[in-house]
Each structure stands twice: as C-alpha cells, then as structure tokens.
$ cat structure-v8.cif   # mmCIF, C-alpha atoms
data_coords
loop_
_atom_site.label_atom_id
_atom_site.label_comp_id
_atom_site.auth_asym_id
_atom_site.auth_seq_id
_atom_site.Cartn_x
_atom_site.Cartn_y
_atom_site.Cartn_z
CA MET A 1 115.96 118.70 82.09
CA TYR A 2 113.35 119.97 79.66
CA HIS A 3 112.01 123.41 80.48
CA GLY A 4 109.50 123.93 77.66
CA GLY A 5 109.71 125.83 74.39
CA MET A 6 108.94 129.43 73.55
CA ASN A 7 105.23 128.72 73.47
CA ASN A 8 105.21 127.42 77.04
CA ARG A 9 104.84 130.89 78.44
CA GLY A 10 101.79 133.08 77.90
CA THR A 11 101.73 136.81 77.93
CA GLY A 12 99.42 137.14 80.93
CA ASP A 13 100.66 137.41 84.51
CA SER A 14 99.08 134.07 85.49
CA MET A 15 100.91 132.26 82.70
CA ALA A 16 104.20 133.89 83.66
CA ASP A 17 103.86 132.30 87.09
CA LYS A 18 103.20 128.78 85.79
CA ARG A 19 106.03 126.24 85.73
CA ASP A 20 106.64 123.89 82.84
CA TYR A 21 104.80 120.61 83.44
CA TYR A 22 107.91 118.47 82.81
CA GLU A 23 109.76 120.56 85.37
CA VAL A 24 106.94 120.10 87.89
CA LEU A 25 107.15 116.30 87.58
CA GLY A 26 110.95 116.31 87.36
CA VAL A 27 111.17 114.32 84.09
CA GLU A 28 112.65 114.84 80.64
CA LYS A 29 110.45 115.81 77.70
CA GLY A 30 110.92 112.36 76.16
CA ALA A 31 109.96 110.51 79.36
CA SER A 32 107.85 107.39 78.93
CA GLU A 33 104.35 107.00 80.35
CA GLU A 34 105.74 104.71 83.04
CA GLU A 35 108.40 107.26 84.02
CA ILE A 36 105.77 109.98 84.25
CA LYS A 37 103.52 107.76 86.34
CA LYS A 38 106.39 106.81 88.67
CA ALA A 39 107.51 110.43 89.11
CA TYR A 40 103.95 111.56 89.79
CA ARG A 41 103.38 108.94 92.48
CA LYS A 42 106.64 109.78 94.21
CA LYS A 43 105.96 113.51 94.31
CA ALA A 44 102.28 113.05 95.21
CA LYS A 45 103.35 111.12 98.28
CA GLU A 46 105.76 113.89 99.28
CA CYS A 47 103.23 116.73 99.22
CA HIS A 48 99.81 115.15 99.76
CA PRO A 49 97.72 117.53 101.92
CA ASP A 50 96.60 114.72 104.23
CA LEU A 51 100.22 114.26 105.23
CA HIS A 52 100.78 118.00 105.67
CA PRO A 53 97.59 119.36 107.26
CA GLY A 54 97.44 123.14 107.26
CA ASP A 55 100.47 123.45 104.96
CA LYS A 56 99.31 125.81 102.20
CA GLU A 57 102.55 125.41 100.30
CA ALA A 58 102.14 121.62 100.14
CA GLU A 59 98.54 122.10 99.04
CA GLU A 60 99.61 124.36 96.17
CA ARG A 61 102.39 121.99 95.13
CA PHE A 62 99.93 119.11 95.14
CA LYS A 63 97.51 121.07 92.96
CA GLU A 64 100.29 122.02 90.55
CA LEU A 65 101.49 118.42 90.43
CA ASN A 66 98.03 117.07 89.57
CA GLU A 67 97.58 119.69 86.88
CA ALA A 68 100.86 118.63 85.26
CA ASN A 69 100.00 114.95 85.51
CA GLU A 70 96.54 115.48 84.04
CA VAL A 71 98.14 116.81 80.87
CA LEU A 72 101.26 114.68 80.52
CA SER A 73 99.53 111.38 81.32
CA ASP A 74 97.02 111.97 78.48
CA PRO A 75 98.66 111.36 75.04
CA ASP A 76 96.43 113.88 73.23
CA LYS A 77 96.81 116.64 75.83
CA ARG A 78 100.54 115.98 76.03
CA ALA A 79 100.95 116.26 72.25
CA ARG A 80 99.08 119.58 72.20
CA TYR A 81 101.11 120.84 75.18
CA ASP A 82 104.37 119.90 73.46
CA GLN A 83 103.21 121.86 70.39
CA PHE A 84 101.45 124.88 71.88
CA GLY A 85 102.59 124.98 75.51
CA PHE A 86 100.13 126.92 77.69
CA ASN A 87 98.67 128.58 74.57
CA ASP A 88 96.74 125.53 73.41
CA PRO A 89 93.63 126.97 71.75
CA MET A 90 91.61 123.83 72.49
CA SER A 91 92.19 123.75 76.25
CA GLY A 92 91.75 127.39 77.18
CA MET A 93 95.12 127.36 78.91
CA GLY A 94 96.27 130.35 76.90
CA GLY A 95 93.78 132.49 78.80
CA GLY A 96 95.10 131.36 82.15
CA GLY A 97 92.69 128.45 82.51
CA SER A 98 93.51 125.04 83.93
CA PRO A 99 92.86 121.58 82.50
CA PHE A 100 90.86 120.99 85.70
CA ASP A 101 88.46 123.89 85.13
CA GLY A 102 84.89 122.64 85.16
CA ALA A 103 86.00 119.13 86.10
CA GLY A 104 85.08 119.41 89.80
CA PHE A 105 88.50 117.85 90.70
CA GLY A 106 87.35 115.19 93.13
CA PHE A 107 90.73 113.39 92.98
CA GLY A 108 89.54 111.50 89.87
CA GLY A 109 92.55 109.38 88.93
CA MET A 110 94.09 109.97 92.34
CA ASP A 111 92.11 107.09 93.85
CA ASP A 112 94.66 104.60 92.54
CA ILE A 113 97.50 106.70 93.89
CA LEU A 114 95.90 106.93 97.30
CA ASN A 115 95.24 103.21 97.35
CA SER A 116 98.89 102.56 96.56
CA PHE A 117 100.28 104.98 99.14
CA PHE A 118 97.73 105.23 101.90
CA GLY A 119 96.04 101.84 102.23
CA MET A 120 94.80 102.70 105.73
CA GLY A 121 91.82 104.47 107.24
CA GLY A 122 91.87 108.22 107.80
CA MET A 123 94.37 109.05 105.05
CA GLY A 124 92.21 109.26 101.97
CA ALA A 125 92.22 105.56 101.20
CA SER A 126 89.28 104.21 99.23
CA ARG A 127 89.66 100.73 100.66
CA SER A 128 86.83 99.75 103.01
CA ARG A 129 87.12 97.78 106.20
CA ASN A 130 84.53 95.45 104.66
CA ALA A 131 87.28 93.97 102.49
CA PRO A 132 89.01 90.77 103.64
CA THR A 133 91.91 91.72 105.92
CA GLN A 134 94.79 89.55 107.06
CA GLY A 135 95.20 89.19 110.80
CA SER A 136 98.14 90.78 112.61
CA ASP A 137 101.45 88.98 113.03
CA LEU A 138 102.43 88.14 116.61
CA ALA A 139 105.86 87.92 118.23
CA TYR A 140 106.99 85.54 120.96
CA GLU A 141 110.38 85.30 122.66
CA LEU A 142 111.35 81.69 123.36
CA THR A 143 114.20 81.02 125.78
CA LEU A 144 116.49 78.02 125.18
CA THR A 145 119.37 76.45 127.05
CA PHE A 146 122.77 76.61 125.37
CA GLU A 147 122.56 72.90 124.53
CA GLU A 148 119.00 73.15 123.12
CA ALA A 149 120.08 75.89 120.76
CA ALA A 150 123.20 74.01 119.68
CA ASP A 151 121.55 70.61 119.13
CA GLY A 152 117.98 71.56 118.22
CA CYS A 153 114.92 70.41 120.13
CA GLU A 154 111.13 70.46 120.25
CA LYS A 155 109.44 73.02 122.50
CA SER A 156 105.88 73.79 123.58
CA PHE A 157 104.76 77.23 124.73
CA ALA A 158 101.54 79.12 125.45
CA PHE A 159 100.59 82.44 123.85
CA ASN A 160 97.53 84.65 123.32
CA ARG A 161 95.92 85.47 119.97
CA LEU A 162 92.70 86.94 118.60
CA GLU A 163 90.21 84.45 117.20
CA GLN A 164 86.77 84.79 115.65
CA CYS A 165 84.04 84.85 118.26
CA GLU A 166 82.27 81.49 118.23
CA VAL A 167 79.06 82.94 119.70
CA CYS A 168 78.33 85.47 116.96
CA GLY A 169 80.44 83.93 114.18
CA GLY A 170 82.54 87.09 113.96
CA SER A 171 79.65 89.43 113.13
CA GLY A 172 79.79 91.22 116.49
CA ALA A 173 75.98 91.15 116.70
CA LYS A 174 73.92 89.37 119.34
CA PRO A 175 72.81 85.92 118.13
CA GLY A 176 69.49 86.25 116.32
CA THR A 177 70.32 89.78 115.11
CA SER A 178 72.60 91.11 112.39
CA PRO A 179 74.56 94.30 111.70
CA LYS A 180 72.79 97.08 109.78
CA THR A 181 74.10 99.12 106.89
CA CYS A 182 75.58 102.36 108.22
CA PRO A 183 73.19 105.26 107.47
CA THR A 184 76.04 107.81 107.30
CA CYS A 185 78.23 106.19 104.63
CA GLY A 186 75.71 103.83 103.05
CA GLY A 187 77.93 100.84 103.71
CA SER A 188 81.09 102.15 102.03
CA GLY A 189 82.88 102.84 105.29
CA GLN A 190 83.93 106.28 104.03
CA VAL A 191 82.59 109.79 103.75
CA ARG A 192 83.66 112.48 101.26
CA THR A 193 83.99 116.13 102.13
CA SER A 194 84.77 119.00 99.80
CA GLY A 195 87.11 121.82 100.71
CA GLY A 196 87.59 124.23 97.83
CA TRP A 197 89.43 122.50 95.00
CA MET A 198 90.03 119.26 96.87
CA GLN A 199 87.70 116.45 97.87
CA THR A 200 88.83 114.43 100.88
CA ILE A 201 87.93 110.84 101.67
CA ARG A 202 87.73 110.00 105.36
CA THR A 203 86.82 107.01 107.46
CA CYS A 204 83.17 107.13 108.42
CA PRO A 205 82.89 108.46 112.00
CA THR A 206 79.68 106.54 112.65
CA CYS A 207 80.79 103.00 111.82
CA GLY A 208 84.55 103.49 112.03
CA GLY A 209 84.97 102.30 108.45
CA ALA A 210 83.14 99.00 108.91
CA GLY A 211 80.19 100.05 106.74
CA LYS A 212 77.83 98.54 109.28
CA THR A 213 76.48 99.40 112.70
CA ILE A 214 75.49 97.01 115.47
CA THR A 215 72.48 97.79 117.63
CA ASP A 216 72.56 94.67 119.83
CA LYS A 217 76.17 93.70 120.47
CA CYS A 218 77.31 90.17 121.17
CA THR A 219 77.92 89.85 124.90
CA ALA A 220 80.80 87.41 124.38
CA CYS A 221 82.98 89.73 122.30
CA GLY A 222 81.39 93.13 123.04
CA GLY A 223 80.64 93.66 119.36
CA ALA A 224 84.28 93.26 118.23
CA GLY A 225 83.68 89.92 116.53
CA MET A 226 86.98 88.74 118.01
CA VAL A 227 88.01 87.27 121.35
CA ARG A 228 91.47 86.68 122.81
CA LYS A 229 92.28 83.02 123.42
CA ARG A 230 95.14 81.24 125.15
CA ARG A 231 96.71 78.67 122.82
CA THR A 232 99.63 76.22 122.97
CA ALA A 233 102.02 75.79 120.06
CA ASN A 234 104.66 73.16 119.38
CA ILE A 235 107.75 74.09 117.42
CA LYS A 236 110.75 72.16 116.16
CA VAL A 237 113.82 74.26 116.88
CA PRO A 238 116.56 73.64 114.30
CA ALA A 239 120.10 72.98 115.53
CA GLY A 240 122.34 76.03 115.43
CA VAL A 241 119.95 78.85 116.34
CA ASP A 242 121.32 81.71 118.40
CA THR A 243 120.00 84.69 120.33
CA GLY A 244 118.13 86.88 117.84
CA SER A 245 117.37 84.06 115.39
CA LEU A 246 113.83 84.19 114.00
CA GLN A 247 111.46 81.42 112.97
CA ARG A 248 108.03 81.94 111.39
CA MET A 249 104.96 79.86 112.21
CA SER A 250 102.56 80.55 109.35
CA GLY A 251 98.90 81.11 110.16
CA GLN A 252 99.40 81.09 113.94
CA GLY A 253 98.86 84.83 114.44
CA ASP A 254 95.63 86.79 114.96
CA ALA A 255 92.64 85.68 112.91
CA GLY A 256 91.80 87.66 109.78
CA ARG A 257 88.61 89.69 109.33
CA ASN A 258 85.89 89.33 106.72
CA GLY A 259 87.33 86.05 105.50
CA GLY A 260 90.93 87.25 105.42
CA PRO A 261 93.79 84.87 106.34
CA SER A 262 95.33 84.67 109.78
CA GLY A 263 98.62 86.40 110.51
CA ASP A 264 101.84 84.60 111.42
CA LEU A 265 103.60 83.96 114.70
CA MET A 266 107.22 85.08 114.74
CA ILE A 267 109.44 83.24 117.20
CA GLN A 268 112.55 85.07 118.36
CA TYR A 269 115.07 82.95 120.25
CA LYS A 270 116.99 83.92 123.37
CA VAL A 271 119.79 81.56 124.43
CA ARG A 272 121.00 81.30 128.02
CA PRO A 273 124.78 81.55 128.53
CA HIS A 274 126.87 78.43 129.26
CA LYS A 275 129.09 78.12 132.33
CA LEU A 276 132.13 77.03 130.31
CA PHE A 277 131.65 77.88 126.66
CA ARG A 278 131.12 81.06 124.69
CA ARG A 279 129.85 81.18 121.15
CA ASP A 280 131.49 82.96 118.21
CA GLY A 281 129.30 82.26 115.20
CA TYR A 282 129.40 78.48 114.94
CA ASP A 283 132.66 78.13 116.89
CA LEU A 284 132.80 77.32 120.59
CA MET A 285 135.31 79.30 122.67
CA LEU A 286 136.83 77.75 125.82
CA ASP A 287 139.36 79.16 128.31
CA PHE A 288 141.34 76.15 129.55
CA PRO A 289 143.69 76.39 132.57
CA ILE A 290 146.93 74.38 132.64
CA SER A 291 149.63 74.22 135.25
CA PHE A 292 153.04 75.83 135.08
CA THR A 293 154.58 72.39 134.67
CA GLN A 294 152.19 71.33 131.89
CA ALA A 295 152.95 74.51 130.02
CA ALA A 296 156.72 74.00 130.36
CA LEU A 297 156.94 70.23 129.74
CA GLY A 298 153.83 69.67 127.66
CA GLY A 299 151.53 66.71 128.09
CA GLU A 300 148.18 65.18 127.25
CA VAL A 301 145.04 66.76 128.73
CA ASP A 302 141.31 66.10 128.56
CA ILE A 303 139.55 69.00 126.84
CA PRO A 304 135.79 69.25 127.58
CA THR A 305 133.43 69.59 124.62
CA LEU A 306 129.75 70.44 124.70
CA HIS A 307 128.74 66.81 125.35
CA SER A 308 131.88 64.85 126.26
CA SER A 309 135.68 65.39 126.16
CA VAL A 310 138.59 64.83 123.81
CA LYS A 311 142.26 64.18 124.51
CA TYR A 312 144.70 66.81 123.29
CA LYS A 313 148.49 67.00 123.57
CA ILE A 314 149.75 70.32 124.86
CA PRO A 315 153.10 71.14 123.21
CA GLU A 316 156.19 71.75 125.34
CA GLY A 317 156.73 75.44 126.10
CA THR A 318 153.11 76.52 125.59
CA GLN A 319 152.54 80.14 126.54
CA THR A 320 149.43 81.64 128.12
CA ASP A 321 146.77 82.83 125.62
CA THR A 322 147.94 80.32 123.02
CA GLU A 323 144.92 79.07 121.04
CA PHE A 324 144.35 75.55 119.72
CA ARG A 325 141.58 74.66 117.28
CA ILE A 326 139.83 71.29 117.51
CA LYS A 327 137.95 70.71 114.25
CA GLY A 328 134.27 69.78 114.20
CA GLN A 329 133.65 70.19 117.93
CA GLY A 330 131.68 73.44 117.65
CA ILE A 331 128.05 74.31 116.94
CA GLN A 332 125.94 72.62 114.28
CA ARG A 333 125.60 74.99 111.32
CA LEU A 334 121.99 76.09 110.89
CA ARG A 335 120.23 73.83 108.38
CA SER A 336 123.55 72.37 107.30
CA ALA A 337 125.57 69.21 107.87
CA GLY A 338 128.77 70.91 108.99
CA LYS A 339 129.88 72.05 112.42
CA GLY A 340 132.10 74.83 113.70
CA ASP A 341 135.27 74.25 115.72
CA LEU A 342 136.22 74.28 119.37
CA VAL A 343 138.77 77.04 119.97
CA VAL A 344 140.74 76.42 123.17
CA ARG A 345 142.64 79.32 124.70
CA VAL A 346 145.25 78.20 127.19
CA ARG A 347 145.60 79.99 130.53
CA VAL A 348 148.87 79.16 132.31
CA GLU A 349 148.45 79.26 136.08
CA VAL A 350 151.34 80.43 138.24
CA PRO A 351 151.40 78.32 141.41
CA ARG A 352 150.40 79.88 144.72
CA ARG A 353 151.03 78.83 148.34
CA LEU A 354 154.20 76.83 147.55
CA THR A 355 155.86 74.52 150.06
CA GLU A 356 159.47 75.14 151.03
CA LYS A 357 160.57 72.14 149.01
CA GLN A 358 158.82 73.50 145.93
CA ARG A 359 160.48 76.86 146.42
CA ASP A 360 163.91 75.23 146.66
CA LEU A 361 163.30 73.29 143.46
CA LEU A 362 162.26 76.46 141.62
CA ARG A 363 165.35 78.29 142.91
CA GLN A 364 167.51 75.45 141.62
CA PHE A 365 165.76 75.61 138.26
CA ASP A 366 166.28 79.36 138.07
CA ALA A 367 169.93 79.02 139.02
CA ALA A 368 170.45 76.47 136.27
CA SER A 369 168.75 78.73 133.70
CA THR A 370 170.88 79.93 130.78
CA GLY A 371 168.39 82.56 129.61
CA ARG A 372 167.72 80.72 126.37
CA GLU A 373 164.56 79.20 127.89
CA TYR A 374 162.73 82.54 127.80
CA ASP A 375 162.17 83.89 124.28
CA GLY A 376 160.15 86.85 125.46
CA LYS A 377 162.63 87.83 128.14
CA LYS A 378 165.52 87.57 125.70
CA SER A 379 163.73 89.65 123.08
CA PHE A 380 162.82 92.30 125.64
CA ALA A 381 166.45 92.55 126.84
CA GLU A 382 167.66 93.07 123.28
CA LYS A 383 165.12 95.82 122.67
CA LEU A 384 166.07 97.44 125.96
CA ARG A 385 169.75 97.56 124.95
CA GLU A 386 168.84 99.14 121.60
CA VAL A 387 166.81 101.85 123.34
CA PHE A 388 169.52 102.86 125.80
CA LYS A 389 172.70 102.24 123.79
#
$ encode --input "structure-v8.cif" --output "structure tokens"
Amino acid sequence: MYHGGMNNRGTGDSMADKRDYYEVLGVEKGASEEEIKKAYRKKAKECHPDLHPGDKEAEERFKELNEANEVLSDPDKRARYDQFGFNDPMSGMGGGGSPFDGAGFGFGGMDDILNSFFGMGGMGASRSRNAPTQGSDLAYELTLTFEEAADGCEKSFAFNRLEQCEVCGGSGAKPGTSPKTCPTCGGSGQVRTSGGWMQTIRTCPTCGGAGKTITDKCTACGGAGMVRKRRTANIKVPAGVDTGSLQRMSGQGDAGRNGGPSGDLMIQYKVRPHKLFRRDGYDLMLDFPISFTQAALGGEVDIPTLHSSVKYKIPEGTQTDTEFRIKGQGIQRLRSAGKGDLVVRVRVEVPRRLTEKQRDLLRQFDAASTGREYDGKKSFAEKLREVFK
C-alpha cells in the first residue's frame, strides 16, 4: 500500500493530521482511474452521511474521502500531488488548504455516485418521480394436485393488480383539470438544503417527489392515478414442477408510471401431497406391503404407478425395506424428455390373528428349519459367540 513520499506531509499541525489520499481510498499509487473510481464508490456507500445520520465520524470520513477523490480522479491534480504531496504550490494545500476551498462543495461529481447507490427518494437521489418507472412485481401462490404438477396442466386464477385509472388517464386530476407544477421544487421533485460543508438533496415534502400538485383530485382513484383491479390469468404449467418452483408471467404485474413498463407476476407453486407416493427430485417413492409368504417364496405382484400399474416379480427371500427401482415410472423432468424412476420399498407384513391350522403349519415349518434359512439370525449368532468367547 502506498503511503506517500516525504513531501506528503507538511510542517503545520493541520498537515500532520492529514492522511495520504491513496491510503484514504485504499488503493496503490499506480492504481488505474477505474480502480480509483470503484474504490471511491465502495467507500462512499459505506460512510455516506444520509446512511449514518448524526454520526460525526462518518461525516468526517466522507469529507476526507471526497477530498482524496477530487485530487486522484483529476489527472493534473494527481500528477502534482504525486510530485509535491500536500505542499503543491498551485493548490494552496501546503498552507493547510483543501482542494474544495472556495468550491462550495455541493456534492458536484457525487450526483452520479448517489444515482448509482441511492436510486430512491429521501436518500439524496437526483432521480425524479417524473421519470418513467416500472410497475412492481407481484407474487401469487398457485396450488396444484400431485398429478397436475407431475404431468403439467393449464390453470386459471384471479389476482389483483394496480392499473392506470381510466377516468383520469393516470394523471390523478379530475377530468377537465390537470396537475400543476409544484411551487416548492419547481417541478424537479427535490429540494436542496445546505448544512455546513454538505448540500443534501431530499424529496420535495410538498409534492412527494412527483414534481406536480393536484388541486382537484380524480374521484375514481383519489388522485393516485392508479386503481386496483381484479384480473384473471391463464398459465400453462410445465410438467415436473414441484413445491417452491417459480414461473414468471412478464408484464402481468402492477402498471408502470409515467409511461414505464408493467411489472411481472411471479407464480410460486405449492403441490398437495399424494396418498400413496412421495417425491424425491424426479423419482417417485412408494412403500409397498407384501405378505410373509410372498417375501419367502417370491412371486409376481402388481405395482401401482402414478396413472396405472406394472407387473413386477418379487424375488424369493425378499427382506423388509428392500428397494426395487422401476425405470421411467417417475416424474417428468422439467422441460426435458426424460423421466425419473419409481423406487419401491418393500414392507413385509407379519401375519396377525392366525387360525389354529395356520399356527400348526408355522410350527411345523419352524421345526423343519435348519437355521440356514435365516442369514441375519446366523450372522447375529456368530457375532454373539465372538463377543462372549
């Protein structure tokens, strides 16, 4: 980091307190104009007095920052500063002066900075509400069934939005009259006030930044120029959307002002749960119960899918929680030709409320058991012997 040469410090007390301009901006001595501009904007945003009202330290930092930028952003002033430091005989800085002395410091070049950072009323922005402004975006939550989300569909729904008042044409004035130029700001929508070294730009309190005042307000919109209307929209829902998916409907939001474009309508989907299936990405998850006998002997079963069923052969000796994957029977991939899979998790049901005959048959089966039929039981017995040997 460059900290200035020997000539960057004067002999007076005021010069001894001044920081090197490169240090103030946080750039190297060889920084480009773009780097200086970028650093200035970043630091100006951090310490702007409008963002720190009543903070004297921020006010001083902001003043110091502008002083450094005034010199380093000017090629001639920067060259003299690099050569003479604060002792430049042409600027009067050697006597403790400032490059802003006699300039009135009414933000000057700061207007562009403020426009970039604070493009809103009440924060020093120079943009007027007379300028074309895009309407606000709207949000709507649309609920779908599980099948509608999986397959896609077309839906209609009603929503409210702001539209230009048809009675006054958006002027806000009673038909036959027109808005008048605001006498306080002269139509700019802003007023400037001076407070010591700084000049502040504020939204005009009389017209609220509109630059115009309305004596006779339109009775239909109350002078707002906008009215809220109930509208119906139709949307084509693509196959594969899920809860939280977003879809934009351009130009369906609130109307713009002063000729600005309308905002957009953002659709957020909410999908109702299914009684059988769960969704994992584009895969469908299904818990499928089979009997004790089916699990032991195997056999063909009908597995339900989202719209029909498929036949699947359960292998002999299937254990509970075993998963089978049926390709291509899941959810349609969003804006794609492929589909996910159907993942079937088997749940083996132990029979309840047996008849005496069934109990006898199971006792016979158990008596005929050699132990080799149960892999888990055998493995557990071996581990048990190792623990207690």
$ axis_aligned_box --input "structure-v8.cif" --around "region 350-359 of chain A" --padding-each-side "8 Å" --output "AutoDock Vina command-line options"
--center_x 155.5 --center_y 76.3 --center_z 144.6 --size_x 26.2 --size_y 24.3 --size_z 28.8
$ residues_around --input "structure-v8.cif" --residues "region 181-194 of chain A" --least-positions-apart "3" --cutoff "6 Å" --atoms "all atoms listed in the file" --output "PyMOL selection string"
chain A and resi 128+199-204+209-213
$ resolve_selection --input "structure-v8.cif" --expression "the PyMOL selection byres ((chain A and resi 138) around 12)" --output "list in words"
Gly135, Ser136, Asp137, Ala139, Tyr140, Glu141, Phe159, Asn160, Arg161, Leu162, Gln247, Arg248, Met249, Ser250, Gly251, Gln252, Gly253, Asp254, Ala255, Ser262, Gly263, Asp264, Leu265, Met266, Ile267 and Gln268 of chain A
$ resolve_selection --input "structure-v8.cif" --expression "the PyMOL selection byres ((chain A and resi 293) around 12)" --output "number ranges by chain"
A: 289-292, 294-299, 314-319, 348-351, 362
$ closest_residue --input "structure-v8.cif" --among "A:Asp82, A:Glu163, A:Glu46, A:Asp366" --to "Leu65 (chain A)" --atoms "only C-alpha atoms"
A:Glu46
$ resolve_selection --input "structure-v8.cif" --expression "the PyMOL selection byres ((chain A and resi 281) around 9)" --output "ChimeraX atom specification"
/A:242,279-280,282-284,331,340
$ write_last_selection --input "structure-v8.cif" --atoms "C-alpha atoms" --output "short mmCIF file (atom, residue, chain, number, x, y, z; two decimals), in the frame of the given file"
data_model
loop_
_atom_site.label_atom_id
_atom_site.label_comp_id
_atom_site.auth_asym_id
_atom_site.auth_seq_id
_atom_site.Cartn_x
_atom_site.Cartn_y
_atom_site.Cartn_z
CA ASP A 242 121.32 81.71 118.40
CA ARG A 279 129.85 81.18 121.15
CA ASP A 280 131.49 82.96 118.21
CA TYR A 282 129.40 78.48 114.94
CA ASP A 283 132.66 78.13 116.89
CA LEU A 284 132.80 77.32 120.59
CA ILE A 331 128.05 74.31 116.94
CA GLY A 340 132.10 74.83 113.70
#
$ atom_distance --input "structure-v8.cif" --atom1 "CA of Ala39 (chain A)" --atom2 "CA of Ala131 (chain A)"
29.3 Å
$ atom_distance --input "structure-v8.cif" --atom1 "CA of Ser369 (chain A)" --atom2 "CA of Leu354 (chain A)"
20.2 Å
$ closest_residue --input "structure-v8.cif" --among "A:Val343, A:Val301, A:Ala368, A:Ala239" --to "Glu147 (chain A)" --atoms "all atoms listed in the file"
A:Ala239
$ atom_distance --input "structure-v8.cif" --atom1 "CA of Thr145 (chain A)" --atom2 "CA of Tyr269 (chain A)"
10.3 Å
$ residues_around --input "structure-v8.cif" --residues "Gly26 (chain A)" --least-positions-apart "4" --cutoff "12 Å" --atoms "all atoms listed in the file" --output "list of chain:residue names"
A:Met1, A:Tyr2, A:His3, A:Arg19, A:Asp20, A:Tyr21, A:Tyr22, A:Gly30, A:Ala31, A:Glu35, A:Ile36, A:Lys37, A:Lys38, A:Ala39, A:Tyr40, A:Arg41, A:Lys42, A:Lys43, A:Leu65, A:Ala68, A:Asn69, A:Leu72
$ residues_around --input "structure-v8.cif" --residues "Lys311 (chain A)" --least-positions-apart "6" --cutoff "7 Å" --atoms "all atoms listed in the file" --output "JSON, numbers by chain"
{"A": [300, 301, 302, 303]}
$ closest_residue --input "structure-v8.cif" --among "A:Asp287, A:Gln364, A:Pro205, A:Ala150" --to "Arg335 (chain A)" --atoms "only C-alpha atoms"
A:Ala150
